[in-house]
$ cat data28.txt   # compact mmCIF, C-alpha atoms
# COMPACT_ATOMS: atom_id res chain seq x y z
CA MET A 130 28.33 -6.07 16.32
CA PRO A 131 27.50 -2.33 16.13
CA SER A 132 23.72 -1.81 15.95
CA GLU A 133 23.96 0.25 12.72
CA ARG A 134 25.78 -2.58 10.93
CA ARG A 135 23.40 -5.20 12.38
CA LEU A 136 20.39 -3.17 11.17
CA ARG A 137 21.85 -2.91 7.67
CA ILE A 138 22.62 -6.65 7.45
CA LYS A 139 19.21 -7.79 8.71
CA THR A 140 17.45 -5.33 6.34
CA LEU A 141 19.45 -6.58 3.33
CA VAL A 142 18.77 -10.23 4.29
CA MET A 143 15.01 -9.56 4.51
CA VAL A 144 14.97 -7.62 1.20
CA LEU A 145 16.81 -10.56 -0.42
CA ALA A 146 14.22 -12.98 1.05
CA MET A 147 11.46 -10.72 -0.37
CA VAL A 148 12.98 -10.67 -3.86
CA VAL A 149 13.67 -14.44 -3.93
CA CYS A 150 10.18 -15.35 -2.61
CA ALA A 151 8.37 -12.99 -5.01
CA ASN A 152 10.27 -14.18 -8.10
CA VAL A 153 10.22 -17.92 -7.27
CA GLY A 154 6.50 -17.60 -6.40
CA ASP A 155 5.67 -15.85 -9.70
CA LEU A 156 7.67 -18.35 -11.76
CA LEU A 157 6.00 -21.34 -10.00
CA LEU A 158 2.56 -19.74 -10.48
CA LYS A 159 3.26 -19.28 -14.19
CA HIS A 160 4.57 -22.87 -14.44
CA GLY A 161 1.54 -24.25 -12.56
CA MET A 162 -0.97 -22.35 -14.70
CA ALA A 163 0.83 -23.43 -17.89
CA GLN A 164 0.40 -27.07 -16.75
CA ILE A 165 -3.34 -26.44 -16.33
CA GLY A 166 -3.63 -24.74 -19.72
CA ALA A 167 -5.84 -21.91 -20.96
CA VAL A 168 -8.95 -21.51 -18.80
CA GLU A 169 -12.29 -21.48 -20.61
CA LEU A 170 -14.53 -18.63 -19.43
CA THR A 171 -17.61 -20.84 -18.93
CA ALA A 172 -19.12 -22.15 -15.67
CA HIS A 173 -17.76 -25.63 -16.44
CA GLY A 174 -14.33 -24.32 -17.53
CA LEU A 175 -13.97 -22.14 -14.40
CA SER A 176 -15.04 -24.89 -11.98
CA GLN A 177 -12.66 -27.34 -13.68
CA ALA A 178 -9.81 -24.78 -13.45
CA PHE A 179 -10.65 -24.16 -9.78
CA TRP A 180 -10.30 -27.87 -8.90
CA GLN A 181 -7.14 -28.19 -10.97
CA THR A 182 -5.55 -25.22 -9.19
CA VAL A 183 -6.49 -26.31 -5.64
CA THR A 184 -5.13 -29.82 -6.30
CA SER A 185 -1.91 -28.66 -7.99
CA ALA A 186 1.23 -29.07 -5.86
CA THR A 187 3.02 -26.42 -7.96
CA ILE A 188 0.30 -23.82 -7.27
CA TRP A 189 0.46 -24.56 -3.51
CA LEU A 190 4.25 -24.22 -3.58
CA ALA A 191 3.81 -20.88 -5.42
CA ILE A 192 1.33 -19.71 -2.75
CA PHE A 193 3.81 -20.76 -0.04
CA PHE A 194 6.52 -18.55 -1.60
CA LEU A 195 4.10 -15.62 -2.13
CA VAL A 196 3.04 -15.83 1.54
CA GLY A 197 6.77 -15.85 2.35
CA PHE A 198 7.11 -12.63 0.34
CA MET A 199 4.24 -10.95 2.25
CA VAL A 200 5.65 -12.02 5.64
CA SER A 201 9.18 -10.78 4.85
CA TYR A 202 7.75 -7.53 3.39
CA MET A 203 5.63 -6.80 6.48
CA THR A 204 8.49 -7.74 8.82
CA VAL A 205 11.12 -5.55 7.15
CA LEU A 206 8.71 -2.57 7.06
CA SER A 207 8.35 -2.84 10.85
CA TRP A 208 11.84 -1.35 11.20
CA ALA A 209 13.12 -0.12 7.79
CA ASP A 210 12.07 2.92 5.71
CA TYR A 211 9.47 2.41 2.96
CA SER A 212 11.62 4.60 0.69
CA TYR A 213 14.52 2.13 1.29
CA VAL A 214 12.64 -1.17 0.89
CA MET A 215 10.53 -0.20 -2.18
CA PRO A 216 13.38 0.64 -4.62
CA ALA A 217 15.61 -2.13 -3.22
CA GLY A 218 12.85 -4.63 -4.09
CA ALA A 219 13.18 -3.65 -7.77
CA PHE A 220 16.42 -5.67 -7.77
CA GLY A 221 14.12 -8.58 -8.68
CA TYR A 222 13.71 -7.24 -12.23
CA ALA A 223 17.48 -7.45 -12.72
CA VAL A 224 17.63 -10.95 -11.18
CA LEU A 225 14.78 -12.16 -13.46
CA THR A 226 16.61 -10.90 -16.57
CA LEU A 227 19.81 -12.70 -15.51
CA LEU A 228 17.85 -15.92 -14.77
CA ALA A 229 16.15 -15.68 -18.18
CA VAL A 230 19.55 -15.42 -19.89
CA ILE A 231 21.29 -18.15 -17.84
CA PHE A 232 18.53 -20.78 -17.62
CA LEU A 233 16.08 -20.01 -20.43
CA HIS A 234 18.78 -18.82 -22.89
CA GLU A 235 16.56 -15.87 -23.83
CA SER A 236 18.13 -13.10 -25.90
CA VAL A 237 17.98 -9.72 -24.18
CA SER A 238 17.92 -6.41 -26.06
CA PRO A 239 20.61 -3.75 -25.37
CA ARG A 240 17.83 -1.47 -24.06
CA ARG A 241 16.87 -4.07 -21.45
CA TRP A 242 20.54 -4.47 -20.40
CA VAL A 243 20.74 -0.68 -19.91
CA GLY A 244 17.62 -0.98 -17.72
CA VAL A 245 19.24 -3.77 -15.66
CA VAL A 246 22.40 -1.68 -15.15
CA LEU A 247 20.32 1.39 -14.10
CA ILE A 248 18.37 -0.75 -11.59
CA CYS A 249 21.58 -2.22 -10.13
CA VAL A 250 23.24 1.23 -9.78
CA GLY A 251 20.01 2.67 -8.32
CA VAL A 252 19.70 -0.17 -5.79
CA LEU A 253 23.37 0.24 -4.81
CA LEU A 254 22.81 4.00 -4.27
CA VAL A 255 19.71 3.38 -2.12
CA GLY A 256 21.43 0.44 -0.35
CA GLN A 257 24.24 2.61 1.01
CA THR A 258 21.82 5.08 2.67
CA LYS A 259 20.62 4.53 6.27
CA PRO A 260 17.88 1.84 6.25
CA ARG A 261 15.95 3.62 9.03
CA THR A 262 15.49 7.37 9.44
CA THR A 263 12.37 7.42 11.63
CA GLU A 264 11.64 6.44 15.22
CA VAL A 265 10.20 2.95 15.53
CA ALA A 266 8.28 1.18 18.29
CA SER A 267 10.43 -1.67 19.58
CA GLU A 268 9.07 -4.80 21.19
CA VAL A 269 10.69 -5.51 24.54
CA PRO A 270 12.18 -9.03 24.52
CA ALA A 271 10.33 -11.31 26.97
CA MET B 220 -7.14 8.33 -23.15
CA ILE B 221 -8.92 9.65 -20.05
CA ARG B 222 -9.75 6.13 -18.85
CA VAL B 223 -6.06 5.14 -19.18
CA VAL B 224 -4.93 8.18 -17.16
CA VAL B 225 -7.58 7.50 -14.48
CA GLY B 226 -6.62 3.80 -14.50
CA LEU B 227 -2.92 4.66 -14.03
CA ALA B 228 -3.76 7.14 -11.26
CA VAL B 229 -5.79 4.46 -9.41
CA LEU B 230 -3.00 1.89 -10.00
CA ILE B 231 -0.22 4.15 -8.69
CA LEU B 232 -2.11 5.93 -5.89
CA GLY B 233 -3.77 2.67 -4.78
CA SER B 234 -0.54 0.69 -4.49
CA THR B 235 1.42 3.59 -2.97
CA GLY B 236 -1.39 4.48 -0.54
CA GLY B 237 -1.79 0.81 0.44
CA GLU B 238 1.92 0.32 1.02
CA ILE B 239 2.21 3.54 3.02
CA ALA B 240 -0.75 2.48 5.22
CA ILE B 241 0.84 -0.96 5.76
CA THR B 242 4.24 0.63 6.53
CA HIS B 243 2.61 2.94 9.10
CA GLY B 244 0.78 -0.03 10.61
CA MET B 245 3.92 -2.17 10.86
CA LYS B 246 5.88 0.72 12.42
CA SER B 247 3.19 1.18 15.08
CA VAL B 248 3.07 -2.59 15.75
CA GLY B 249 6.83 -2.56 16.38
CA GLU B 250 9.49 -4.92 15.09
CA PRO B 251 9.71 -8.56 16.28
CA ALA B 252 12.02 -8.96 19.27
CA ARG B 253 14.03 -11.59 17.39
CA LEU B 254 13.96 -12.97 13.86
CA ARG B 255 12.86 -16.41 15.12
CA PRO B 256 9.68 -18.19 13.88
CA HIS B 257 7.91 -17.82 17.25
CA ALA B 258 8.60 -14.05 17.49
CA VAL B 259 7.68 -13.48 13.83
CA ILE B 260 4.36 -15.36 14.25
CA GLN B 261 3.58 -13.23 17.34
CA PHE B 262 4.43 -10.12 15.29
CA LEU B 263 2.11 -11.24 12.45
CA GLY B 264 -0.67 -11.85 14.98
CA ARG B 265 -0.34 -8.25 16.21
CA ALA B 266 -0.01 -6.96 12.62
CA VAL B 267 -3.32 -8.45 11.42
CA CYS B 268 -5.08 -6.80 14.39
CA ASN B 269 -3.83 -3.38 13.25
CA GLY B 270 -6.37 -1.09 11.52
CA TRP B 271 -3.77 0.44 9.17
CA PHE B 272 -3.00 -3.01 7.80
CA TRP B 273 -6.68 -3.47 6.89
CA ALA B 274 -6.78 0.04 5.38
CA GLY B 275 -3.86 -0.90 3.14
CA VAL B 276 -5.13 -4.27 1.87
CA PRO B 277 -8.25 -2.98 -0.03
CA LEU B 278 -6.20 -0.14 -1.55
CA MET B 279 -3.69 -2.68 -2.88
CA ALA B 280 -6.57 -4.86 -4.16
CA LEU B 281 -8.06 -1.82 -5.92
CA SER B 282 -4.67 -1.13 -7.50
CA PHE B 283 -4.46 -4.77 -8.67
CA TYR B 284 -7.87 -4.53 -10.37
CA ALA B 285 -6.80 -1.28 -12.06
CA LEU B 286 -3.73 -3.15 -13.35
CA LEU B 287 -5.91 -5.94 -14.78
CA LEU B 288 -8.19 -3.40 -16.49
CA LEU B 289 -5.25 -1.43 -17.90
CA LEU B 290 -3.68 -4.62 -19.25
CA SER B 291 -6.94 -5.40 -21.06
CA TRP B 292 -6.88 -1.93 -22.71
CA GLU B 293 -3.20 -1.22 -23.38
CA PRO B 294 -0.03 -3.25 -24.12
CA ILE B 295 2.11 -4.32 -21.15
CA SER B 296 5.03 -2.32 -22.65
CA LEU B 297 3.06 0.86 -21.91
CA VAL B 298 1.40 -0.11 -18.61
CA ILE B 299 4.47 -1.34 -16.67
CA PRO B 300 6.84 1.55 -17.65
CA ALA B 301 4.07 4.05 -16.76
CA SER B 302 3.46 2.30 -13.44
CA ALA B 303 7.21 2.61 -12.64
CA LEU B 304 6.34 6.26 -11.80
CA GLY B 305 5.01 4.68 -8.59
CA TYR B 306 8.61 4.57 -7.27
CA VAL B 307 8.77 8.39 -7.42
CA VAL B 308 5.22 8.89 -6.05
CA GLY B 309 5.99 6.38 -3.25
CA THR B 310 9.15 8.28 -2.31
CA PHE B 311 7.18 11.55 -2.09
CA GLY B 312 4.68 9.70 0.14
CA ALA B 313 7.51 8.37 2.30
CA LYS B 314 8.94 11.87 2.69
CA PHE B 315 5.76 13.87 3.31
CA ILE B 316 3.41 11.33 4.94
CA LEU B 317 5.75 8.92 6.74
CA ARG B 318 8.28 11.74 7.46
CA GLU B 319 11.25 9.64 6.27
CA ASP B 320 14.51 11.45 5.63
CA VAL B 321 15.07 10.95 1.88
CA SER B 322 18.69 11.93 1.13
CA THR B 323 19.97 13.08 -2.26
CA SER B 324 21.60 9.71 -2.99
CA ARG B 325 18.35 7.90 -2.12
CA TRP B 326 16.45 10.17 -4.54
CA ALA B 327 19.08 9.53 -7.24
CA GLY B 328 18.77 5.77 -6.65
CA VAL B 329 14.95 5.90 -6.84
CA ILE B 330 15.04 7.81 -10.14
CA LEU B 331 17.57 5.36 -11.66
CA VAL B 332 15.42 2.39 -10.50
CA CYS B 333 12.31 4.02 -11.99
CA LEU B 334 14.05 4.55 -15.39
CA GLY B 335 15.59 1.06 -15.24
CA VAL B 336 12.25 -0.69 -14.55
CA ALA B 337 10.66 1.26 -17.43
CA LEU B 338 13.47 0.19 -19.83
CA VAL B 339 13.36 -3.48 -18.70
CA ALA B 340 9.56 -3.54 -19.18
CA VAL B 341 9.75 -2.00 -22.66
CA GLY B 342 12.24 -4.81 -23.44
$ encode --input "data28.txt" --output "structure tokens"
Amino acid sequence: MPSERRLRIKTLVMVLAMVVCANVGDLLLKHGMAQIGAVELTAHGLSQAFWQTVTSATIWLAIFFLVGFMVSYMTVLSWADYSYVMPAGAFGYAVLTLLAVIFLHESVSPRRWVGVVLICVGVLLVGQTKPRTTEVASEVPA
Amino acid sequence: MIRVVVGLAVLILGSTGGEIAITHGMKSVGEPARLRPHAVIQFLGRAVCNGWFWAGVPLMALSFYALLLLLSWEPISLVIPASALGYVVGTFGAKFILREDVSTSRWAGVILVCLGVALVAVG
């Protein structure tokens, strides 16, 4: 496979992993904290919330996905441009809106749909540029 | 008013500065030889030993605290659209600090994304 094409595919795969991990992580965190309920801002309330969060499987799963986001973000930035990865990551806002409509049956305002369309067109424009325009240190395979 | 402007400046410059420092760090560490768990773990080991990575983390933490403060002062429908300016500031940083070649179509894409995120956040 030509190296240019390979670079583009592996960058898009990592950006997709970033977007999926960040959104799934945020949703799980929200779900986990909703299970725990509103935290009282007293010493007792905070210590109770602390134990509930560290023993919650949902919160640990959320942390797992958020660590996955950080790892994929750091990895993709080791070869791709920051000005390519940063706007491409905004695709998550569009995905979240679609998920909210499909699974949560939320109604979405026309203004928000216009925003989703602008994000998608913007990401497509950025996506067709070269993912890397600077020299990068390359690890020699062992 | 002034505290909101300062808060937004810290939010945007902190996150952009942090991400630029981390990008510079990751570029100097070099990409993993293969996208296999072993190679990625080795890469992460080298990444956390990089000074630029540790310069970026506190800047991003500072930006996060600015976000929390702003959200306690102003509605989210003002804070998130205003913070979408970070896409434009970040692209300037990428061009002038990281020396990336930002083409016209990349600029157009960044501006559309910035407007789109602002509209989605206003709801």
$ closest_residue --input "data28.txt" --among "A:Ser176, A:Thr204, A:Ser185, A:Asn152" --to "chain B" --atoms "all atoms listed in the file"
A:Thr204
$ closest_residue --input "data28.txt" --among "B:Ile316, B:Val276, B:Val259, B:Ile299" --to "chain A" --atoms "all atoms listed in the file"
B:Val259
$ atom_distance --input "data28.txt" --atom1 "CA of Cys150 (chain A)" --atom2 "CA of Val168 (chain A)"
25.8 Å
$ atom_distance --input "data28.txt" --atom1 "CA of His173 (chain A)" --atom2 "CA of Glu293 (chain B)"
29.3 Å
$ axis_aligned_box --input "data28.txt" --around "region 247-261 of chain A" --padding-each-side "3 Å" --output "AutoDock Vina command-line options"
--center_x 20.1 --center_y 1.4 --center_z -2.5 --size_x 14.3 --size_y 13.3 --size_z 29.1
$ residues_around --input "data28.txt" --residues "region 160-162 of chain A" --least-positions-apart "4" --cutoff "12 Å" --atoms "all atoms listed in the file" --output "compact mmCIF listing (two decimals) with C-alpha atoms, in the frame of the given file"
# COMPACT_ATOMS: atom_id res chain seq x y z
CA VAL A 153 10.22 -17.92 -7.27
CA GLY A 154 6.50 -17.60 -6.40
CA ASP A 155 5.67 -15.85 -9.70
CA LEU A 156 7.67 -18.35 -11.76
CA GLY A 166 -3.63 -24.74 -19.72
CA ALA A 167 -5.84 -21.91 -20.96
CA VAL A 168 -8.95 -21.51 -18.80
CA ALA A 178 -9.81 -24.78 -13.45
CA PHE A 179 -10.65 -24.16 -9.78
CA GLN A 181 -7.14 -28.19 -10.97
CA THR A 182 -5.55 -25.22 -9.19
CA VAL A 183 -6.49 -26.31 -5.64
CA THR A 184 -5.13 -29.82 -6.30
CA SER A 185 -1.91 -28.66 -7.99
CA ALA A 186 1.23 -29.07 -5.86
CA THR A 187 3.02 -26.42 -7.96
CA ILE A 188 0.30 -23.82 -7.27
CA TRP A 189 0.46 -24.56 -3.51
CA LEU A 190 4.25 -24.22 -3.58
CA ALA A 191 3.81 -20.88 -5.42
CA ILE A 192 1.33 -19.71 -2.75
$ interface_residues --input "data28.txt" --of "chain B" --to "chain A" --cutoff "10 Å" --atoms "all atoms listed in the file" --output "ChimeraX atom specification"
/B:235,238-239,241-254,258-260,262-263,266,272,303,305-307,309-314,317-342
$ atom_distance --input "data28.txt" --atom1 "CA of Val308 (chain B)" --atom2 "CA of Gly275 (chain B)"
16.2 Å
$ residues_around --input "data28.txt" --residues "Arg222 (chain B)" --least-positions-apart "3" --cutoff "12 Å" --atoms "all atoms listed in the file" --output "list of chain:residue names"
B:Val225, B:Gly226, B:Leu227, B:Ala228, B:Val229, B:Leu230, B:Ala285, B:Leu288, B:Leu289, B:Trp292, B:Glu293
$ residues_around --input "data28.txt" --residues "Phe283 (chain B)" --least-positions-apart "4" --cutoff "9 Å" --atoms "only C-alpha atoms" --output "PyMOL selection string"
chain B and resi 230+233-234+278-279+287-288
$ build_atoms --input "data28.txt" --residues "region 299-328 of chain B" --atoms "N, CA and C atoms" --output "CSV table (one decimal), in the coordinates of the input"
chain,number,residue,atom,x,y,z
B,299,ILE,N,3.5,-1.2,-17.7
B,299,ILE,CA,4.5,-1.3,-16.7
B,299,ILE,C,5.4,-0.1,-16.6
B,300,PRO,N,6.0,0.4,-17.8
B,300,PRO,CA,6.8,1.6,-17.6
B,300,PRO,C,6.1,2.7,-17.0
B,301,ALA,N,4.8,2.9,-17.4
B,301,ALA,CA,4.1,4.0,-16.8
B,301,ALA,C,3.9,3.8,-15.3
B,302,SER,N,3.7,2.6,-14.9
B,302,SER,CA,3.5,2.3,-13.4
B,302,SER,C,4.8,2.4,-12.6
B,303,ALA,N,5.9,2.4,-13.3
B,303,ALA,CA,7.2,2.6,-12.6
B,303,ALA,C,7.3,4.0,-12.0
B,304,LEU,N,6.4,4.9,-12.4
B,304,LEU,CA,6.3,6.3,-11.8
B,304,LEU,C,6.0,6.1,-10.3
B,305,GLY,N,5.4,5.0,-10.0
B,305,GLY,CA,5.0,4.7,-8.6
B,305,GLY,C,6.2,4.8,-7.6
B,306,TYR,N,7.4,4.5,-8.1
B,306,TYR,CA,8.6,4.6,-7.3
B,306,TYR,C,8.8,6.0,-6.8
B,307,VAL,N,8.6,7.0,-7.8
B,307,VAL,CA,8.8,8.4,-7.4
B,307,VAL,C,7.6,8.9,-6.5
B,308,VAL,N,6.4,8.5,-6.9
B,308,VAL,CA,5.2,8.9,-6.0
B,308,VAL,C,5.4,8.3,-4.6
B,309,GLY,N,5.8,7.0,-4.6
B,309,GLY,CA,6.0,6.4,-3.2
B,309,GLY,C,7.0,7.1,-2.4
B,310,THR,N,8.1,7.6,-3.1
B,310,THR,CA,9.2,8.3,-2.3
B,310,THR,C,8.6,9.6,-1.8
B,311,PHE,N,7.8,10.3,-2.6
B,311,PHE,CA,7.2,11.6,-2.1
B,311,PHE,C,6.3,11.2,-0.9
B,312,GLY,N,5.5,10.1,-1.0
B,312,GLY,CA,4.7,9.7,0.1
B,312,GLY,C,5.5,9.4,1.4
B,313,ALA,N,6.6,8.7,1.2
B,313,ALA,CA,7.5,8.4,2.3
B,313,ALA,C,8.0,9.6,3.0
B,314,LYS,N,8.4,10.6,2.2
B,314,LYS,CA,8.9,11.9,2.7
B,314,LYS,C,7.9,12.7,3.4
B,315,PHE,N,6.7,12.9,2.8
B,315,PHE,CA,5.8,13.9,3.3
B,315,PHE,C,4.7,13.2,4.2
B,316,ILE,N,4.4,12.0,4.1
B,316,ILE,CA,3.4,11.3,4.9
B,316,ILE,C,4.1,10.6,6.1
B,317,LEU,N,5.1,9.7,5.7
B,317,LEU,CA,5.8,8.9,6.7
B,317,LEU,C,6.9,9.7,7.4
B,318,ARG,N,7.2,10.9,6.9
B,318,ARG,CA,8.3,11.7,7.5
B,318,ARG,C,9.6,11.1,7.4
B,319,GLU,N,9.9,10.3,6.4
B,319,GLU,CA,11.2,9.6,6.3
B,319,GLU,C,12.2,10.7,5.7
B,320,ASP,N,13.5,10.5,6.1
B,320,ASP,CA,14.5,11.4,5.6
B,320,ASP,C,15.1,10.9,4.3
B,321,VAL,N,14.6,11.5,3.2
B,321,VAL,CA,15.1,11.0,1.9
B,321,VAL,C,16.3,11.8,1.4
B,322,SER,N,17.5,11.2,1.5
B,322,SER,CA,18.7,11.9,1.1
B,322,SER,C,18.8,12.0,-0.4
B,323,THR,N,19.8,12.9,-0.8
B,323,THR,CA,20.0,13.1,-2.3
B,323,THR,C,20.3,11.8,-2.9
B,324,SER,N,21.2,10.9,-2.3
B,324,SER,CA,21.6,9.7,-3.0
B,324,SER,C,20.4,8.7,-3.0
B,325,ARG,N,19.5,8.8,-2.0
B,325,ARG,CA,18.4,7.9,-2.1
B,325,ARG,C,17.4,8.3,-3.3
B,326,TRP,N,17.3,9.7,-3.4
B,326,TRP,CA,16.4,10.2,-4.5
B,326,TRP,C,17.1,9.8,-5.9
B,327,ALA,N,18.4,9.9,-6.0
B,327,ALA,CA,19.1,9.5,-7.2
B,327,ALA,C,18.9,8.1,-7.5
B,328,GLY,N,19.0,7.2,-6.5
B,328,GLY,CA,18.8,5.8,-6.6
B,328,GLY,C,17.3,5.5,-7.1
